[in-house]
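> Supplied structure: structure_24.txt, compact mmCIF, C-alpha atoms and all ligand atoms.
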```txt
# COMPACT_ATOMS: atom_id res chain seq x y z
CA MET A 96 -49.52 74.50 11.60
CA PRO A 97 -49.48 78.21 12.45
CA ARG A 98 -49.15 80.60 9.48
CA GLY A 99 -45.86 82.18 10.49
CA ALA A 100 -44.15 78.96 11.54
CA SER A 101 -40.45 79.28 10.89
CA ALA A 102 -38.47 76.11 10.34
CA GLY A 103 -35.67 74.95 12.58
CA GLU A 104 -36.60 76.68 15.83
CA ASP A 105 -36.05 74.38 18.72
CA TYR A 106 -36.18 76.12 22.04
CA SER A 107 -35.45 74.05 25.14
CA VAL A 108 -36.24 74.67 28.82
CA GLY A 109 -32.98 76.64 29.09
CA ASP A 110 -34.51 79.23 26.72
CA VAL A 111 -37.43 79.86 29.09
CA SER A 112 -38.01 82.62 31.63
CA VAL A 113 -40.80 81.82 34.10
CA VAL A 114 -42.15 85.11 35.49
CA MET A 115 -44.77 86.06 38.07
CA GLY A 116 -46.03 88.76 40.36
CA THR A 117 -45.73 87.75 44.01
CA TYR A 118 -47.66 89.40 46.82
CA ASN A 119 -47.60 87.66 50.20
CA GLU A 120 -47.45 84.15 48.74
CA GLU A 121 -45.23 82.52 51.41
CA GLU A 122 -47.57 79.52 51.63
CA ALA A 123 -47.24 78.70 47.94
CA ILE A 124 -43.98 80.08 46.58
CA ALA A 125 -41.67 77.22 47.60
CA THR A 126 -43.96 74.65 45.94
CA VAL A 127 -44.29 76.71 42.75
CA LEU A 128 -40.54 77.34 42.41
CA GLU A 129 -39.64 73.72 43.23
CA ASP A 130 -42.11 72.58 40.54
CA VAL A 131 -40.52 74.95 38.00
CA ASP A 132 -37.04 73.73 38.95
CA ARG A 133 -38.00 70.07 38.67
CA VAL A 134 -39.77 70.46 35.34
CA THR A 135 -37.01 72.57 33.75
CA ASP A 136 -34.08 70.76 35.38
CA GLY A 137 -33.13 74.01 37.08
CA GLN A 138 -32.42 75.56 33.69
CA ALA A 139 -35.21 78.14 33.40
CA GLU A 140 -34.68 81.71 34.55
CA VAL A 141 -37.22 82.66 37.26
CA VAL A 142 -38.26 86.28 37.81
CA CYS A 143 -40.52 87.38 40.69
CA VAL A 144 -41.79 90.97 40.85
CA ASP A 145 -42.54 91.20 44.53
CA GLY A 146 -44.58 93.52 46.71
CA SER A 147 -44.76 91.30 49.79
CA SER A 148 -44.50 92.16 53.47
CA ASP A 149 -44.04 88.47 54.39
CA ARG A 150 -41.15 86.06 53.73
CA THR A 151 -42.01 85.51 50.03
CA PRO A 152 -38.93 87.34 48.59
CA GLU A 153 -36.47 85.52 50.89
CA ILE A 154 -37.95 82.15 49.91
CA ALA A 155 -37.81 83.16 46.24
CA ARG A 156 -34.12 84.15 46.48
CA ASP A 157 -33.32 80.92 48.37
CA HIS A 158 -34.78 79.05 45.39
CA GLY A 159 -32.57 80.94 42.94
CA ALA A 160 -35.18 83.37 41.59
CA ARG A 161 -34.33 86.93 40.55
CA VAL A 162 -36.49 89.15 42.76
CA ILE A 163 -37.46 92.65 41.62
CA GLU A 164 -38.96 94.70 44.43
CA GLN A 165 -41.95 96.87 43.62
CA GLU A 166 -44.57 98.63 45.77
CA PRO A 167 -47.84 96.66 45.47
CA GLN A 168 -49.89 98.39 42.75
CA GLY A 169 -51.98 95.53 41.41
CA TYR A 170 -51.63 92.38 39.32
CA GLY A 171 -50.91 93.95 35.96
CA VAL A 172 -48.33 96.47 37.13
CA ALA A 173 -46.36 93.57 38.63
CA VAL A 174 -46.81 91.16 35.72
CA ARG A 175 -45.98 93.82 33.10
CA GLU A 176 -42.68 94.48 34.90
CA ALA A 177 -42.11 90.71 35.13
CA VAL A 178 -42.65 89.96 31.42
CA LEU A 179 -40.55 92.97 30.38
CA SER A 180 -37.71 91.88 32.70
CA ALA A 181 -37.42 88.37 31.26
CA ASP A 182 -34.08 87.70 29.56
CA ARG A 183 -34.88 84.52 27.61
CA PRO A 184 -36.61 84.14 24.20
CA VAL A 185 -39.66 82.28 25.60
CA VAL A 186 -41.55 83.91 28.47
CA VAL A 187 -43.92 81.81 30.61
CA THR A 188 -46.25 83.55 33.06
CA THR A 189 -47.87 81.98 36.10
CA ASP A 190 -49.53 82.97 39.37
CA CYS A 191 -47.55 82.19 42.49
CA ASP A 192 -50.41 80.34 44.20
CA ASP A 193 -49.97 76.70 43.10
CA THR A 194 -53.06 76.80 40.88
CA TYR A 195 -51.29 76.31 37.53
CA PRO A 196 -49.67 73.05 36.33
CA MET A 197 -45.96 73.81 35.97
CA GLU A 198 -45.48 70.29 34.59
CA ARG A 199 -47.16 71.51 31.39
CA ILE A 200 -44.33 73.97 30.60
CA PRO A 201 -42.73 71.48 28.14
CA ASP A 202 -46.07 71.15 26.28
CA PHE A 203 -46.31 74.94 26.02
CA LEU A 204 -42.74 75.01 24.68
CA ASP A 205 -43.63 72.35 22.08
CA ARG A 206 -46.40 74.60 20.73
CA ILE A 207 -43.97 77.55 20.58
CA ASN A 208 -41.54 75.32 18.66
CA GLU A 209 -44.39 74.47 16.26
CA GLY A 210 -44.46 78.18 15.44
CA TYR A 211 -47.06 79.69 17.76
CA ASP A 212 -46.33 83.14 19.17
CA VAL A 213 -48.63 82.84 22.18
CA VAL A 214 -49.77 79.62 23.90
CA SER A 215 -52.57 80.23 26.39
CA GLY A 216 -53.54 77.81 29.17
CA ASP A 217 -57.31 77.33 28.99
CA ARG A 218 -58.76 76.39 32.39
CA ILE A 219 -62.39 76.48 31.31
CA SER A 220 -62.58 73.66 28.75
CA ARG A 221 -61.67 71.03 31.36
CA GLY A 222 -64.28 72.38 33.74
CA ALA A 223 -62.16 74.27 36.29
CA LYS A 224 -64.08 72.50 39.06
CA THR A 225 -61.76 73.80 41.76
CA MET A 226 -62.45 77.42 40.76
CA PRO A 227 -65.02 79.20 42.97
CA TRP A 228 -68.43 79.22 41.18
CA LEU A 229 -68.57 83.02 40.89
CA ASN A 230 -65.08 83.18 39.37
CA ARG A 231 -65.94 80.40 36.90
CA GLN A 232 -69.08 82.18 35.70
CA GLY A 233 -67.19 85.47 35.52
CA ASN A 234 -64.32 83.98 33.54
CA ARG A 235 -66.74 82.32 31.10
CA THR A 236 -68.54 85.64 30.65
CA PHE A 237 -65.27 87.52 30.03
CA ALA A 238 -64.28 84.98 27.38
CA LEU A 239 -67.67 85.30 25.68
CA LEU A 240 -67.52 89.10 25.74
CA ALA A 241 -64.00 89.14 24.31
CA SER A 242 -64.94 86.54 21.67
CA LEU A 243 -67.90 88.62 20.49
CA LEU A 244 -65.83 91.80 20.32
CA MET A 245 -62.86 90.09 18.60
CA GLY A 246 -64.87 87.88 16.23
CA THR A 247 -62.76 84.86 17.33
CA ARG A 248 -63.94 82.31 19.88
CA VAL A 249 -61.63 81.94 22.86
CA ALA A 250 -62.36 79.81 25.93
CA ASP A 251 -60.33 81.57 28.65
CA THR A 252 -59.21 85.22 28.48
CA THR A 253 -58.17 85.62 32.10
CA THR A 254 -55.78 82.71 32.61
CA GLY A 255 -52.45 83.47 34.27
CA MET A 256 -50.47 80.69 32.55
CA ARG A 257 -49.19 81.39 29.05
CA ALA A 258 -46.04 81.17 26.97
CA TYR A 259 -45.04 84.07 24.69
CA ARG A 260 -42.26 84.60 22.22
CA GLN A 261 -40.36 87.46 23.79
CA HIS A 262 -40.68 89.65 20.67
CA VAL A 263 -44.49 89.68 21.08
CA ILE A 264 -44.05 91.16 24.57
CA GLU A 265 -41.67 93.77 23.19
CA ASP A 266 -43.68 94.63 20.03
CA ILE A 267 -46.79 95.75 21.91
CA THR A 268 -47.45 98.53 24.46
CA TRP A 269 -49.33 97.15 27.48
CA THR A 270 -51.71 99.48 29.30
CA GLU A 271 -53.98 97.45 31.61
CA ASN A 272 -53.65 96.48 35.28
CA THR A 273 -56.23 93.99 36.63
CA GLY A 274 -57.17 93.32 33.00
CA LEU A 275 -53.58 92.70 31.82
CA SER A 276 -54.12 88.97 31.41
CA ALA A 277 -56.98 89.59 28.94
CA GLU A 278 -54.94 92.28 27.18
CA LEU A 279 -51.98 89.90 26.79
CA LEU A 280 -54.24 87.57 24.78
CA ILE A 281 -56.47 90.04 22.92
CA ARG A 282 -53.88 92.41 21.43
CA PRO A 283 -51.72 89.64 19.88
CA LEU A 284 -54.83 87.85 18.54
CA MET A 285 -56.28 90.98 16.97
CA ARG A 286 -52.89 91.86 15.41
CA GLY A 287 -52.67 88.52 13.62
CA TYR A 288 -50.06 86.76 15.73
CA ASP A 289 -50.41 82.98 15.90
CA VAL A 290 -52.18 82.22 19.15
CA CYS A 291 -53.46 78.88 20.45
CA GLU A 292 -55.19 77.74 23.59
CA VAL A 293 -54.28 74.46 25.31
CA PRO A 294 -56.64 72.97 27.93
CA ILE A 295 -55.05 72.75 31.39
CA GLU A 296 -56.00 71.56 34.85
CA TYR A 297 -56.50 74.22 37.50
CA ASP A 298 -55.95 73.59 41.21
CA GLU A 299 -57.25 75.16 44.39
CA ARG A 300 -55.27 78.17 45.55
CA LEU A 301 -52.82 78.05 48.47
CA GLY A 302 -53.01 81.22 50.57
CA GLU A 303 -55.30 84.25 50.29
CA THR A 304 -56.63 85.65 47.02
CA LYS A 305 -55.42 89.13 46.04
CA LEU A 306 -58.39 89.76 43.75
CA ASP A 307 -61.66 91.38 44.84
CA PRO A 308 -64.19 89.53 42.65
CA PHE A 309 -66.51 92.53 42.16
CA ALA A 310 -64.08 95.45 41.72
CA GLY A 311 -61.65 93.14 39.91
CA GLY A 312 -64.36 91.73 37.65
CA ALA A 313 -65.57 95.20 36.68
CA ALA A 314 -61.99 96.27 35.91
CA ILE A 315 -61.43 93.19 33.71
CA ALA A 316 -64.69 93.78 31.76
CA LYS A 317 -63.69 97.41 31.19
CA SER A 318 -60.22 96.37 29.99
CA ILE A 319 -61.69 93.84 27.53
CA VAL A 320 -64.01 96.45 25.98
CA THR A 321 -61.30 99.16 25.89
CA VAL A 322 -58.62 96.91 24.40
CA CYS A 323 -60.94 95.36 21.78
CA LEU A 324 -62.16 98.81 20.65
CA GLU A 325 -58.59 100.16 20.52
CA GLU A 326 -57.45 97.18 18.45
CA ARG A 327 -60.40 97.52 16.06
CA ALA A 328 -59.59 101.21 15.58
CA ARG A 329 -55.92 100.55 14.73
N1 LIG B 1 -46.11 92.13 43.08
C1 LIG B 1 -47.45 92.02 43.10
N2 LIG B 1 -48.04 90.84 42.82
C2 LIG B 1 -49.40 90.79 42.84
C3 LIG B 1 -50.21 91.91 43.13
N3 LIG B 1 -51.52 91.51 43.07
C4 LIG B 1 -51.52 90.19 42.78
N4 LIG B 1 -50.24 89.75 42.65
C5 LIG B 1 -49.80 88.39 42.31
O1 LIG B 1 -50.38 88.07 41.06
C6 LIG B 1 -50.81 86.71 41.03
C7 LIG B 1 -52.31 86.67 40.77
O2 LIG B 1 -53.03 87.08 41.91
P1 LIG B 1 -54.19 86.14 42.48
O3 LIG B 1 -54.55 86.56 43.86
O4 LIG B 1 -53.76 84.72 42.31
O5 LIG B 1 -55.39 86.52 41.53
P2 LIG B 1 -56.40 85.51 40.83
O6 LIG B 1 -55.66 84.37 40.22
O7 LIG B 1 -57.24 86.35 39.97
O8 LIG B 1 -57.27 85.00 42.07
P3 LIG B 1 -57.35 83.52 42.68
O9 LIG B 1 -58.41 82.85 41.88
O10 LIG B 1 -57.71 83.72 44.11
O11 LIG B 1 -55.99 82.87 42.51
C8 LIG B 1 -50.40 86.11 42.38
O12 LIG B 1 -49.14 85.46 42.23
C9 LIG B 1 -50.28 87.33 43.29
O13 LIG B 1 -49.36 87.15 44.35
C10 LIG B 1 -49.54 93.15 43.42
O14 LIG B 1 -50.14 94.19 43.68
N5 LIG B 1 -48.18 93.15 43.39
MG MG B 2 -54.33 83.06 41.15
```
Do you think you could lay out the structure here as structure tokens?
Ligand SMILES: Nc1nc2c(ncn2[C@@H]2O[C@H](COP(=O)(O)OP(=O)(O)OP(=O)(O)O)[C@@H](O)[C@H]2O)c(=O)[nH]1
Ligand SMILES: [Mg+2]


Amino acid sequence: MPRGASAGEDYSVGDVSVVMGTYNEEEAIATVLEDVDRVTDGQAEVVCVDGSSDRTPEIARDHGARVIEQEPQGYGVAVREAVLSADRPVVVTTDCDDTYPMERIPDFLDRINEGYDVVSGDRISRGAKTMPWLNRQGNRTFALLASLLMGTRVADTTTGMRAYRQHVIEDITWTENTGLSAELLIRPLMRGYDVCEVPIEYDERLGETKLDPFAGGAAIAKSIVTVCLEERAR
């Protein structure tokens, strides 16, 4: 049981906002949004912060999502806007590439209802066999680096699928771009929020990646070091 667990909280799928950055994801977006709709009975709010030049935003609107247009400026700029735009008390993030298991949203919600502030989908513990080898090694290394700097072992710092209590998003100032996913885990953990990881499956991506593994990897490593040192100095 998490330390801060408050009795009587019972959020349902209608209390969830599912948010994502979308950048030329027309191959995947219909599948992702249909999965969200099916799993939440059409009751979740869906927010897409979109920088696409393809049909992604039209498809999103046709599926009932709220689309916020934004010039493409990178993953974290989009996802920060997305999490801050959510209107519901539980905020679930995902990528819009059909890699993350939307059918696990109810499990994430259960952990929030148990009292956790952040529930993080851990792709690594189940092997992430569909992840390209270089990405898998990189993600393992990022998790090890963050664990050493935080003094707490985490398995996956760079996952895109998490659930957050909305007040956690609002309590903290977010500064990172490519490294935002790591920041969204590290700052709450180091401030004593109740955080848990749940192992998830991870699928092959539909459509083209938006991440350059070398420049992106260097940016993530820099974010992890910066954020951990800032949190230690607080
Ligand atoms: N609006 C917006 N969305 C973005 C931008 N960059 C990435 N995204 C979205 O953010 C999510 C994560 O990007 P991905 O390309 O999946 O990055 P990744 O998961 O590290 O790489 P893969 O392993 O290839 O999936 C996707 O839904 C992208 O469409 C951007 O500059 N603007
Ligand atoms: Mg992805």

> Find the spatial neighbours of stretch 145-150 of chain A, counting all atoms listed in the file, within a cut-off of 10 Å - ignore same-chain residues fewer than 4 positions away - and output them as a PDB file with C-alpha atoms, keeping the file's coordinate frame.


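Below is the file part27.pdb, written as the result:
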```pdb
ATOM      1  CA  MET A 115     -44.770  86.060  38.070  1.00  0.00           C
ATOM      2  CA  GLY A 116     -46.030  88.760  40.360  1.00  0.00           C
ATOM      3  CA  THR A 117     -45.730  87.750  44.010  1.00  0.00           C
ATOM      4  CA  TYR A 118     -47.660  89.400  46.820  1.00  0.00           C
ATOM      5  CA  ASN A 119     -47.600  87.660  50.200  1.00  0.00           C
ATOM      6  CA  GLU A 120     -47.450  84.150  48.740  1.00  0.00           C
ATOM      7  CA  GLU A 121     -45.230  82.520  51.410  1.00  0.00           C
ATOM      8  CA  GLU A 122     -47.570  79.520  51.630  1.00  0.00           C
ATOM      9  CA  ILE A 124     -43.980  80.080  46.580  1.00  0.00           C
ATOM     10  CA  ILE A 154     -37.950  82.150  49.910  1.00  0.00           C
ATOM     11  CA  ALA A 155     -37.810  83.160  46.240  1.00  0.00           C
ATOM     12  CA  VAL A 162     -36.490  89.150  42.760  1.00  0.00           C
ATOM     13  CA  ILE A 163     -37.460  92.650  41.620  1.00  0.00           C
ATOM     14  CA  GLU A 164     -38.960  94.700  44.430  1.00  0.00           C
ATOM     15  CA  GLN A 165     -41.950  96.870  43.620  1.00  0.00           C
ATOM     16  CA  GLU A 166     -44.570  98.630  45.770  1.00  0.00           C
ATOM     17  CA  PRO A 167     -47.840  96.660  45.470  1.00  0.00           C
ATOM     18  CA  GLN A 168     -49.890  98.390  42.750  1.00  0.00           C
ATOM     19  CA  GLY A 169     -51.980  95.530  41.410  1.00  0.00           C
ATOM     20  CA  ALA A 173     -46.360  93.570  38.630  1.00  0.00           C
ATOM     21  CA  VAL A 174     -46.810  91.160  35.720  1.00  0.00           C
ATOM     22  CA  ALA A 177     -42.110  90.710  35.130  1.00  0.00           C
TER      23      ALA A 177
END
```

> Determine, using only C-alpha atoms, which residues of stretch 100-187 of chain A have any atom at most 7 Å from an atom of stretch 243-262 of chain A, and tabulate each with its shortest atom pair and distance in Å to one decimal place, rows ordered by chain and then rising number, as JSON lines.


```
{"residue": "A:Pro184", "atom": "CA", "partner": "A:Gln261", "partner_atom": "CA", "distance": 5.0}
{"residue": "A:Val185", "atom": "CA", "partner": "A:Arg260", "partner_atom": "CA", "distance": 4.9}
{"residue": "A:Val186", "atom": "CA", "partner": "A:Tyr259", "partner_atom": "CA", "distance": 5.1}
{"residue": "A:Val187", "atom": "CA", "partner": "A:Ala258", "partner_atom": "CA", "distance": 4.3}
```

> Do you have the atom CA of A:Ala310-atom N4 of ligand LIG 1 (chain B) distance handy?

15.0 Å

> What is the distance, in Å and to one decimal place, between atom CA of A:Asp192 and atom CA of A:Asp289?

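Taking atom CA of A:Asp192 as the start and atom CA of A:Asp289 as the end point, the length is 28.4 Å.
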
> Just want the 10 Å neighbourhood of A:Arg300, counted on only C-alpha atoms, with same-chain residues fewer than 3 positions away dropped. Output as JSON, numbers by chain.

{"A": [122, 123, 190, 191, 192, 193, 194, 195, 225, 226, 297, 303, 304]}

> Counting all atoms listed in the file, find the residues whose atoms lie at most 12 Å from (-53.8, 103.4, 20.3) (file coordinates) and write them out as JSON, numbers by chain.

{"A": [267, 268, 269, 270, 282, 321, 322, 323, 324, 325, 326, 327, 328, 329]}

> Go ahead and fit an axis-aligned box to every listed atom of stretch 210-225 of chain A plus 3 Å each side, and pass me the centre and edge lengths in Å, one decimal, as lines of an AutoDock Vina configuration file.


```
center_x = -54.4
center_y = 77.1
center_z = 28.6
size_x = 25.8
size_y = 18.1
size_z = 32.3
```

> Suppose you want the space between atom CA of A:Gly287 and atom CA of A:Gly233; what is it in Å?

26.5 Å

> Out of A:Arg175, A:Arg286, A:Lys305, A:Lys317, which residue has the shortest atom-to-atom distance to ligand LIG 1 (chain B) when counting all atoms listed in the file?

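Of A:Arg175, A:Arg286, A:Lys305, A:Lys317, the one nearest ligand LIG 1 (chain B) is A:Lys305, counting all atoms listed in the file.
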
> Reconstruct N, CA and C atoms of stretch 111-123 of chain A; output as a PDB file, in the frame of the given file.


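The resulting rebuild08.pdb:
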```
ATOM      1  N   VAL A 111     -36.165  79.395  28.494  1.00  0.00           N
ATOM      2  CA  VAL A 111     -37.430  79.860  29.090  1.00  0.00           C
ATOM      3  C   VAL A 111     -37.167  80.737  30.314  1.00  0.00           C
ATOM      4  N   SER A 112     -37.894  81.854  30.384  1.00  0.00           N
ATOM      5  CA  SER A 112     -38.010  82.620  31.630  1.00  0.00           C
ATOM      6  C   SER A 112     -39.407  82.377  32.186  1.00  0.00           C
ATOM      7  N   VAL A 113     -39.502  81.965  33.439  1.00  0.00           N
ATOM      8  CA  VAL A 113     -40.800  81.820  34.100  1.00  0.00           C
ATOM      9  C   VAL A 113     -40.966  83.040  35.008  1.00  0.00           C
ATOM     10  N   VAL A 114     -42.026  83.823  34.786  1.00  0.00           N
ATOM     11  CA  VAL A 114     -42.150  85.110  35.490  1.00  0.00           C
ATOM     12  C   VAL A 114     -43.500  85.190  36.197  1.00  0.00           C
ATOM     13  N   MET A 115     -43.522  85.954  37.291  1.00  0.00           N
ATOM     14  CA  MET A 115     -44.770  86.060  38.070  1.00  0.00           C
ATOM     15  C   MET A 115     -44.727  87.288  38.959  1.00  0.00           C
ATOM     16  N   GLY A 116     -45.920  87.799  39.277  1.00  0.00           N
ATOM     17  CA  GLY A 116     -46.030  88.760  40.360  1.00  0.00           C
ATOM     18  C   GLY A 116     -46.203  87.979  41.654  1.00  0.00           C
ATOM     19  N   THR A 117     -45.586  88.455  42.735  1.00  0.00           N
ATOM     20  CA  THR A 117     -45.730  87.750  44.010  1.00  0.00           C
ATOM     21  C   THR A 117     -46.096  88.760  45.094  1.00  0.00           C
ATOM     22  N   TYR A 118     -47.183  88.484  45.792  1.00  0.00           N
ATOM     23  CA  TYR A 118     -47.660  89.400  46.820  1.00  0.00           C
ATOM     24  C   TYR A 118     -48.140  88.564  48.012  1.00  0.00           C
ATOM     25  N   ASN A 119     -47.290  88.445  49.004  1.00  0.00           N
ATOM     26  CA  ASN A 119     -47.600  87.660  50.200  1.00  0.00           C
ATOM     27  C   ASN A 119     -48.055  86.242  49.859  1.00  0.00           C
ATOM     28  N   GLU A 120     -47.164  85.528  49.182  1.00  0.00           N
ATOM     29  CA  GLU A 120     -47.450  84.150  48.740  1.00  0.00           C
ATOM     30  C   GLU A 120     -46.547  83.161  49.460  1.00  0.00           C
ATOM     31  N   GLU A 121     -46.213  83.403  50.757  1.00  0.00           N
ATOM     32  CA  GLU A 121     -45.230  82.520  51.410  1.00  0.00           C
ATOM     33  C   GLU A 121     -45.741  81.094  51.566  1.00  0.00           C
ATOM     34  N   GLU A 122     -47.060  80.903  51.532  1.00  0.00           N
ATOM     35  CA  GLU A 122     -47.570  79.520  51.630  1.00  0.00           C
ATOM     36  C   GLU A 122     -47.314  78.719  50.355  1.00  0.00           C
ATOM     37  N   ALA A 123     -47.270  79.412  49.225  1.00  0.00           N
ATOM     38  CA  ALA A 123     -47.240  78.700  47.940  1.00  0.00           C
ATOM     39  C   ALA A 123     -45.899  78.762  47.222  1.00  0.00           C
TER      40      ALA A 123
END
```
